[in-house]
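*Asks:* Input target11.csv, format and content: CSV, N, CA and C atoms and all ligand atoms.
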```csv
chain,number,residue,atom,x,y,z
Q,1,MET,N,20.3,-25.2,-23.2
Q,1,MET,CA,19.0,-24.5,-23.4
Q,1,MET,C,18.0,-25.1,-22.4
Q,2,GLU,N,17.9,-26.4,-22.5
Q,2,GLU,CA,16.9,-27.1,-21.6
Q,2,GLU,C,17.2,-26.9,-20.1
Q,3,ASP,N,18.5,-26.9,-19.8
Q,3,ASP,CA,19.0,-26.7,-18.5
Q,3,ASP,C,18.6,-25.3,-17.9
Q,4,LEU,N,18.8,-24.3,-18.8
Q,4,LEU,CA,18.4,-23.0,-18.4
Q,4,LEU,C,17.0,-22.8,-18.1
Q,5,PHE,N,16.2,-23.4,-18.9
Q,5,PHE,CA,14.7,-23.4,-18.8
Q,5,PHE,C,14.3,-24.0,-17.4
Q,6,ASP,N,14.9,-25.1,-17.1
Q,6,ASP,CA,14.6,-25.8,-15.8
Q,6,ASP,C,15.0,-24.9,-14.6
Q,7,LEU,N,16.1,-24.2,-14.8
Q,7,LEU,CA,16.6,-23.4,-13.7
Q,7,LEU,C,15.6,-22.2,-13.4
Q,8,ASP,N,15.1,-21.7,-14.5
Q,8,ASP,CA,14.1,-20.6,-14.4
Q,8,ASP,C,12.9,-21.0,-13.7
Q,9,LEU,N,12.5,-22.2,-14.0
Q,9,LEU,CA,11.3,-22.7,-13.3
Q,9,LEU,C,11.5,-22.9,-11.8
Q,10,VAL,N,12.7,-23.4,-11.5
Q,10,VAL,CA,13.0,-23.6,-10.1
Q,10,VAL,C,13.0,-22.2,-9.3
Q,11,LEU,N,13.6,-21.2,-10.0
Q,11,LEU,CA,13.7,-19.9,-9.3
Q,11,LEU,C,12.3,-19.3,-9.2
Q,12,GLU,N,11.5,-19.5,-10.1
Q,12,GLU,CA,10.2,-18.8,-10.1
Q,12,GLU,C,9.2,-19.5,-9.1
Q,13,TYR,N,9.3,-20.7,-9.0
Q,13,TYR,CA,8.4,-21.5,-8.1
Q,13,TYR,C,9.2,-22.1,-7.0
Q,14,PRO,N,9.3,-21.4,-5.9
Q,14,PRO,CA,10.3,-21.7,-4.9
Q,14,PRO,C,10.3,-23.2,-4.5
Q,15,ALA,N,9.2,-23.7,-4.1
Q,15,ALA,CA,9.2,-25.1,-3.7
Q,15,ALA,C,7.9,-25.8,-4.2
Q,16,ALA,N,8.1,-26.8,-5.0
Q,16,ALA,CA,6.9,-27.5,-5.5
Q,16,ALA,C,6.2,-28.2,-4.3
Q,17,GLY,N,4.9,-28.0,-4.3
Q,17,GLY,CA,4.1,-28.6,-3.3
Q,17,GLY,C,3.9,-27.8,-2.0
Q,18,VAL,N,4.7,-26.7,-1.9
Q,18,VAL,CA,4.5,-25.9,-0.7
Q,18,VAL,C,3.4,-24.8,-1.0
Q,19,GLU,N,2.5,-24.7,-0.2
Q,19,GLU,CA,1.4,-23.8,-0.4
Q,19,GLU,C,1.8,-22.4,0.2
Q,20,LEU,N,1.5,-21.4,-0.6
Q,20,LEU,CA,1.9,-20.0,-0.2
Q,20,LEU,C,0.9,-19.4,0.7
Q,21,SER,N,-0.3,-20.0,0.8
Q,21,SER,CA,-1.3,-19.3,1.5
Q,21,SER,C,-1.0,-19.3,3.0
Q,22,GLY,N,-0.3,-20.2,3.5
Q,22,GLY,CA,0.0,-20.3,5.0
Q,22,GLY,C,0.9,-19.2,5.4
Q,23,GLU,N,1.7,-18.7,4.5
Q,23,GLU,CA,2.8,-17.7,5.0
Q,23,GLU,C,2.6,-16.4,4.3
Q,24,ILE,N,2.4,-15.4,5.0
Q,24,ILE,CA,2.3,-14.0,4.4
Q,24,ILE,C,3.5,-13.2,4.9
Q,25,GLN,N,4.3,-12.8,3.9
Q,25,GLN,CA,5.5,-12.1,4.3
Q,25,GLN,C,5.3,-10.7,4.8
Q,26,ALA,N,4.5,-9.9,4.0
Q,26,ALA,CA,4.3,-8.5,4.4
Q,26,ALA,C,3.4,-8.5,5.6
Q,27,PRO,N,3.8,-7.7,6.6
Q,27,PRO,CA,2.9,-7.5,7.7
Q,27,PRO,C,1.6,-6.8,7.3
Q,28,GLU,N,0.5,-7.2,7.8
Q,28,GLU,CA,-0.7,-6.6,7.4
Q,28,GLU,C,-0.9,-5.3,8.2
Q,29,ILE,N,-1.1,-4.2,7.4
Q,29,ILE,CA,-1.2,-2.9,8.0
Q,29,ILE,C,-2.7,-2.5,8.0
Q,30,SER,N,-3.2,-2.1,9.1
Q,30,SER,CA,-4.6,-1.7,9.2
Q,30,SER,C,-4.8,-0.3,8.8
Q,31,VAL,N,-5.2,0.0,7.6
Q,31,VAL,CA,-5.5,1.3,7.1
Q,31,VAL,C,-6.6,2.0,8.0
Q,32,ALA,N,-7.5,1.1,8.5
Q,32,ALA,CA,-8.6,1.7,9.2
Q,32,ALA,C,-8.1,2.4,10.5
Q,33,SER,N,-6.9,2.1,10.9
Q,33,SER,CA,-6.4,2.7,12.1
Q,33,SER,C,-5.7,4.0,11.8
Q,34,PHE,N,-5.5,4.3,10.6
Q,34,PHE,CA,-4.8,5.5,10.2
Q,34,PHE,C,-5.7,6.7,10.6
Q,35,PRO,N,-5.1,7.8,10.9
Q,35,PRO,CA,-6.0,9.0,11.2
Q,35,PRO,C,-6.8,9.4,10.1
Q,36,GLY,N,-8.1,9.7,10.3
Q,36,GLY,CA,-9.0,10.1,9.3
Q,36,GLY,C,-8.9,11.7,9.2
Q,37,VAL,N,-9.0,12.1,8.0
Q,37,VAL,CA,-8.9,13.6,7.7
Q,37,VAL,C,-10.1,14.0,6.9
Q,38,GLU,N,-10.9,14.9,7.4
Q,38,GLU,CA,-12.0,15.4,6.6
Q,38,GLU,C,-11.6,16.4,5.6
Q,39,VAL,N,-12.0,16.2,4.4
Q,39,VAL,CA,-11.6,17.2,3.3
Q,39,VAL,C,-12.5,18.4,3.4
Q,40,ASP,N,-11.9,19.5,3.8
Q,40,ASP,CA,-12.7,20.7,3.8
Q,40,ASP,C,-12.3,21.8,2.8
Q,41,ASP,N,-11.1,21.5,2.2
Q,41,ASP,CA,-10.6,22.5,1.2
Q,41,ASP,C,-9.9,21.7,0.1
Q,42,GLU,N,-10.5,21.6,-1.0
Q,42,GLU,CA,-10.0,20.9,-2.1
Q,42,GLU,C,-8.6,21.4,-2.5
Q,43,SER,N,-8.4,22.7,-2.6
Q,43,SER,CA,-7.2,23.2,-3.1
Q,43,SER,C,-6.0,22.9,-2.2
Q,44,SER,N,-6.2,22.9,-0.9
Q,44,SER,CA,-5.1,22.7,0.0
Q,44,SER,C,-4.8,21.2,0.2
Q,45,MET,N,-5.8,20.3,-0.1
Q,45,MET,CA,-5.6,18.9,0.1
Q,45,MET,C,-5.0,18.3,-1.2
Q,46,GLY,N,-5.2,18.9,-2.3
Q,46,GLY,CA,-4.7,18.4,-3.5
Q,46,GLY,C,-5.4,17.1,-4.0
Q,47,SER,N,-4.6,16.2,-4.5
Q,47,SER,CA,-5.2,15.0,-5.0
Q,47,SER,C,-4.5,13.8,-4.5
Q,48,CYS,N,-5.1,12.6,-4.5
Q,48,CYS,CA,-4.5,11.4,-4.1
Q,48,CYS,C,-3.6,10.9,-5.2
Q,49,VAL,N,-2.3,10.7,-4.9
Q,49,VAL,CA,-1.4,10.4,-6.0
Q,49,VAL,C,-1.5,8.9,-6.4
Q,50,VAL,N,-2.2,8.1,-5.7
Q,50,VAL,CA,-2.4,6.7,-6.1
Q,50,VAL,C,-3.4,6.7,-7.3
Q,51,CYS,N,-4.5,7.4,-7.3
Q,51,CYS,CA,-5.4,7.4,-8.4
Q,51,CYS,C,-5.5,8.7,-9.1
Q,52,MET,N,-4.8,9.7,-8.6
Q,52,MET,CA,-4.7,11.0,-9.3
Q,52,MET,C,-6.0,11.8,-9.3
Q,53,VAL,N,-6.9,11.4,-8.4
Q,53,VAL,CA,-8.2,12.1,-8.3
Q,53,VAL,C,-8.2,13.0,-7.2
Q,54,VAL,N,-8.7,14.2,-7.4
Q,54,VAL,CA,-8.8,15.3,-6.4
Q,54,VAL,C,-9.7,14.8,-5.2
Q,55,PHE,N,-9.3,15.1,-4.0
Q,55,PHE,CA,-10.2,14.8,-2.9
Q,55,PHE,C,-11.5,15.6,-2.9
Q,56,GLU,N,-12.5,14.9,-2.7
Q,56,GLU,CA,-13.8,15.6,-2.7
Q,56,GLU,C,-14.1,16.3,-1.4
Q,57,VAL,N,-14.5,17.5,-1.5
Q,57,VAL,CA,-14.8,18.3,-0.2
Q,57,VAL,C,-16.0,17.6,0.5
Q,58,GLY,N,-15.8,17.4,1.8
Q,58,GLY,CA,-16.8,16.7,2.6
Q,58,GLY,C,-16.5,15.2,2.8
Q,59,SER,N,-15.6,14.7,2.0
Q,59,SER,CA,-15.3,13.2,2.1
Q,59,SER,C,-14.2,13.0,3.1
Q,60,MET,N,-13.9,11.8,3.4
Q,60,MET,CA,-12.8,11.5,4.4
Q,60,MET,C,-11.6,10.9,3.7
Q,61,ALA,N,-10.5,11.3,4.1
Q,61,ALA,CA,-9.3,10.7,3.5
Q,61,ALA,C,-8.5,10.1,4.7
Q,62,LYS,N,-7.5,9.4,4.4
Q,62,LYS,CA,-6.7,8.8,5.4
Q,62,LYS,C,-5.3,9.3,5.4
Q,63,GLN,N,-4.8,9.7,6.6
Q,63,GLN,CA,-3.4,10.2,6.6
Q,63,GLN,C,-2.5,9.1,7.1
Q,64,MET,N,-1.3,9.1,6.5
Q,64,MET,CA,-0.3,8.2,6.8
Q,64,MET,C,0.1,8.4,8.3
Q,65,PRO,N,0.4,7.3,9.0
Q,65,PRO,CA,0.8,7.5,10.4
Q,65,PRO,C,2.2,8.1,10.5
Q,66,SER,N,3.0,7.9,9.5
Q,66,SER,CA,4.4,8.3,9.6
Q,66,SER,C,4.8,9.5,8.8
Q,67,CYS,N,3.8,10.2,8.1
Q,67,CYS,CA,4.1,11.4,7.4
Q,67,CYS,C,2.8,12.1,7.2
Q,68,PRO,N,2.8,13.3,6.7
Q,68,PRO,CA,1.6,14.1,6.6
Q,68,PRO,C,0.8,13.9,5.3
Q,69,HIS,N,1.1,12.9,4.5
Q,69,HIS,CA,0.4,12.7,3.2
Q,69,HIS,C,-0.9,11.9,3.4
Q,70,VAL,N,-1.9,12.3,2.6
Q,70,VAL,CA,-3.2,11.7,2.7
Q,70,VAL,C,-3.6,11.1,1.4
Q,71,TYR,N,-4.4,10.0,1.5
Q,71,TYR,CA,-4.9,9.3,0.4
Q,71,TYR,C,-6.3,8.8,0.6
Q,72,HIS,N,-7.0,8.4,-0.4
Q,72,HIS,CA,-8.2,7.7,-0.3
Q,72,HIS,C,-8.0,6.4,0.5
Q,73,GLU,N,-8.9,6.0,1.3
Q,73,GLU,CA,-8.7,4.8,2.1
Q,73,GLU,C,-8.5,3.6,1.2
Q,74,GLU,N,-9.3,3.5,0.2
Q,74,GLU,CA,-9.2,2.3,-0.7
Q,74,GLU,C,-7.9,2.3,-1.4
Q,75,CYS,N,-7.5,3.5,-1.8
Q,75,CYS,CA,-6.2,3.6,-2.6
Q,75,CYS,C,-5.0,3.2,-1.8
Q,76,ILE,N,-5.0,3.7,-0.6
Q,76,ILE,CA,-3.8,3.4,0.2
Q,76,ILE,C,-3.8,2.0,0.7
Q,77,ARG,N,-5.0,1.4,0.9
Q,77,ARG,CA,-5.1,0.0,1.3
Q,77,ARG,C,-4.5,-0.9,0.2
Q,78,LYS,N,-4.9,-0.6,-1.0
Q,78,LYS,CA,-4.4,-1.4,-2.1
Q,78,LYS,C,-2.9,-1.2,-2.3
Q,79,TRP,N,-2.4,0.0,-2.1
Q,79,TRP,CA,-1.0,0.3,-2.3
Q,79,TRP,C,-0.2,-0.4,-1.3
Q,80,LEU,N,-0.7,-0.5,0.0
Q,80,LEU,CA,0.1,-1.1,1.0
Q,80,LEU,C,0.2,-2.6,0.9
Q,81,GLN,N,-0.7,-3.1,0.1
Q,81,GLN,CA,-0.7,-4.6,-0.1
Q,81,GLN,C,0.6,-5.0,-0.8
Q,82,ARG,N,1.2,-4.1,-1.6
Q,82,ARG,CA,2.4,-4.5,-2.4
Q,82,ARG,C,3.6,-3.6,-2.0
Q,83,ASP,N,3.4,-2.5,-1.3
Q,83,ASP,CA,4.5,-1.7,-0.9
Q,83,ASP,C,4.2,-1.0,0.4
Q,84,ASN,N,5.1,-1.3,1.4
Q,84,ASN,CA,4.9,-0.9,2.7
Q,84,ASN,C,5.6,0.5,3.0
Q,85,SER,N,5.2,1.4,2.1
Q,85,SER,CA,5.8,2.7,2.2
Q,85,SER,C,4.9,3.8,1.6
Q,86,CYS,N,5.1,5.0,2.0
Q,86,CYS,CA,4.3,6.1,1.4
Q,86,CYS,C,4.6,6.3,-0.1
Q,87,PRO,N,3.5,6.4,-0.9
Q,87,PRO,CA,3.7,6.6,-2.3
Q,87,PRO,C,4.5,7.9,-2.7
Q,88,LEU,N,4.4,8.9,-1.8
Q,88,LEU,CA,5.0,10.1,-2.1
Q,88,LEU,C,6.4,10.2,-1.6
Q,89,CYS,N,6.6,10.0,-0.3
Q,89,CYS,CA,7.9,10.3,0.3
Q,89,CYS,C,8.6,9.0,0.6
Q,90,ARG,N,8.0,7.8,0.3
Q,90,ARG,CA,8.7,6.6,0.5
Q,90,ARG,C,9.1,6.2,1.9
Q,91,CYS,N,8.5,6.9,2.9
Q,91,CYS,CA,8.9,6.5,4.2
Q,91,CYS,C,8.1,5.3,4.6
Q,92,ARG,N,8.8,4.4,5.4
Q,92,ARG,CA,8.2,3.2,5.8
Q,92,ARG,C,7.1,3.4,6.7
Q,93,ILE,N,6.0,2.5,6.6
Q,93,ILE,CA,4.9,2.6,7.5
Q,93,ILE,C,5.3,1.8,8.7
Q,94,LEU,N,5.3,2.4,9.9
Q,94,LEU,CA,5.6,1.7,11.1
Q,94,LEU,C,4.4,1.1,11.6
Q,95,GLU,N,4.5,-0.2,12.0
Q,95,GLU,CA,3.4,-0.9,12.6
Q,95,GLU,C,3.2,-0.4,14.0
Q,96,LYS,N,2.0,0.0,14.3
Q,96,LYS,CA,1.6,0.3,15.7
Q,96,LYS,C,0.4,-0.5,16.1
Q,97,GLN,N,0.6,-1.1,17.2
Q,97,GLN,CA,-0.6,-1.9,17.7
Q,97,GLN,C,-1.2,-1.2,18.9
O,101,ZN,ZN,-7.1,7.7,-4.5
O,102,ZN,ZN,4.5,10.5,2.8
```
Rewrite the coordinates I just gave you, this time as structure tokens.
*Replies:*
Amino acid sequence: MEDLFDLDLVLEYPAAGVELSGEIQAPEISVASFPGVEVDDESSMGSCVVCMVVFEVGSMAKQMPSCPHVYHEECIRKWLQRDNSCPLCRCRILEKQ
């Protein structure tokens, strides 16, 4: 029992004394560089699936660079911090510089 507990600790905390801050595994994706889409028709735009809120007419949304789906800029930014793919179709976001 004690041995198992120790093993769990080792697995969960990769290396004692190693700071995680220096290494970021997920590449940072700049949502600001995604194409902006002006919402001119609520019904055709639908809603942002991240927060489930309908796009407001006259506001700006962000379109994914690799698919036609659009989201609120804040929503997709948060989403991409943990998942590098489109919430709807799961296509990977390609990094473009
Ligand atoms: Zn949203
Ligand atoms: Zn998509």
*Asks:* At a cut-off of 8 Å, using only N, CA and C atoms, what residues contact Leu94 of chain Q? Leave out same-chain residues fewer than 5 positions from it and give the result as a tab-separated table (two decimals) with N, CA and C atoms, in the coordinates of the input.
*Replies:*
```tsv
chain	number	residue	atom	x	y	z
Q	29	ILE	N	-1.10	-4.20	7.40
Q	29	ILE	CA	-1.20	-2.90	8.00
Q	29	ILE	C	-2.70	-2.50	8.00
Q	65	PRO	N	0.40	7.30	9.00
Q	65	PRO	CA	0.80	7.50	10.40
Q	65	PRO	C	2.20	8.10	10.50
Q	66	SER	N	3.00	7.90	9.50
Q	66	SER	CA	4.40	8.30	9.60
Q	66	SER	C	4.80	9.50	8.80
Q	84	ASN	N	5.10	-1.30	1.40
Q	84	ASN	CA	4.90	-0.90	2.70
Q	84	ASN	C	5.60	0.50	3.00
Q	85	SER	N	5.20	1.40	2.10
Q	85	SER	CA	5.80	2.70	2.20
Q	85	SER	C	4.90	3.80	1.60
```
*Asks:* Distance atom N of Val31 of chain Q-atom C of Leu80 of chain Q, one decimal place?
*Replies:*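 Pair atom N of Val31 of chain Q / atom C of Leu80 of chain Q returns 9.0 Å.
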*Asks:* Can you measure atom C of Asp41 of chain Q to atom N of Arg77 of chain Q for me? One decimal in Å is fine.
*Replies:*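 So the two atoms, atom C of Asp41 of chain Q and atom N of Arg77 of chain Q, lie 20.9 Å apart.
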*Asks:* Which of these, Q:Lys78, Q:Arg92, Q:His72, Q:Lys62, has the shortest distance to ligand ZN 101 (chain O) once you count all atoms listed in the file?
*Replies:*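 Using all atoms listed in the file, ligand ZN 101 (chain O) sits closest to Q:His72.
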*Asks:* Between Q:Cys67, Q:Cys51, Q:Met45, Q:Cys86, single out the one closest to ligand ZN 101 (chain O), counting all atoms listed in the file.
*Replies:*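 Of the candidates, the smallest distance to ligand ZN 101 (chain O) is held by Q:Cys51.
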*Asks:* Counting only N, CA and C atoms and all ligand atoms, what are the residues, protein, DNA or RNA alike, that approach ligand ZN 101 (chain O) to within 6.5 Å? I want them as a list in words.
*Replies:* Cys48, Val49, Val50, Cys51, Met52, Val53, Tyr71, His72, Glu73, Glu74, Cys75 and Ile76 of chain Q
*Asks:* Using all atoms listed in the file, which residue out of Q:Ser30, Q:Pro35, Q:Trp79, Q:His69 lies closest to ligand ZN 102 (chain O)?
*Replies:* Q:His69
*Asks:* As a PyMOL selection string, which residues of segment 22-69 of chain Q does DSSP assign to alpha helix (DSSP H)?
*Replies:* chain Q and resi 42-45
*Asks:* Could you tell me how far atom ZN of ligand ZN 102 (chain O) sits from atom C of Glu38 of chain Q, in Å to one decimal place?
*Replies:* 17.4 Å
*Asks:* Between Q:Ser47, Q:Gln81, Q:Arg90, Q:Ala61, which is the closest to ligand ZN 102 (chain O) once you count only C-alpha atoms and all ligand atoms?
*Replies:*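 Smallest separation from ligand ZN 102 (chain O) among the options: Q:Arg90.
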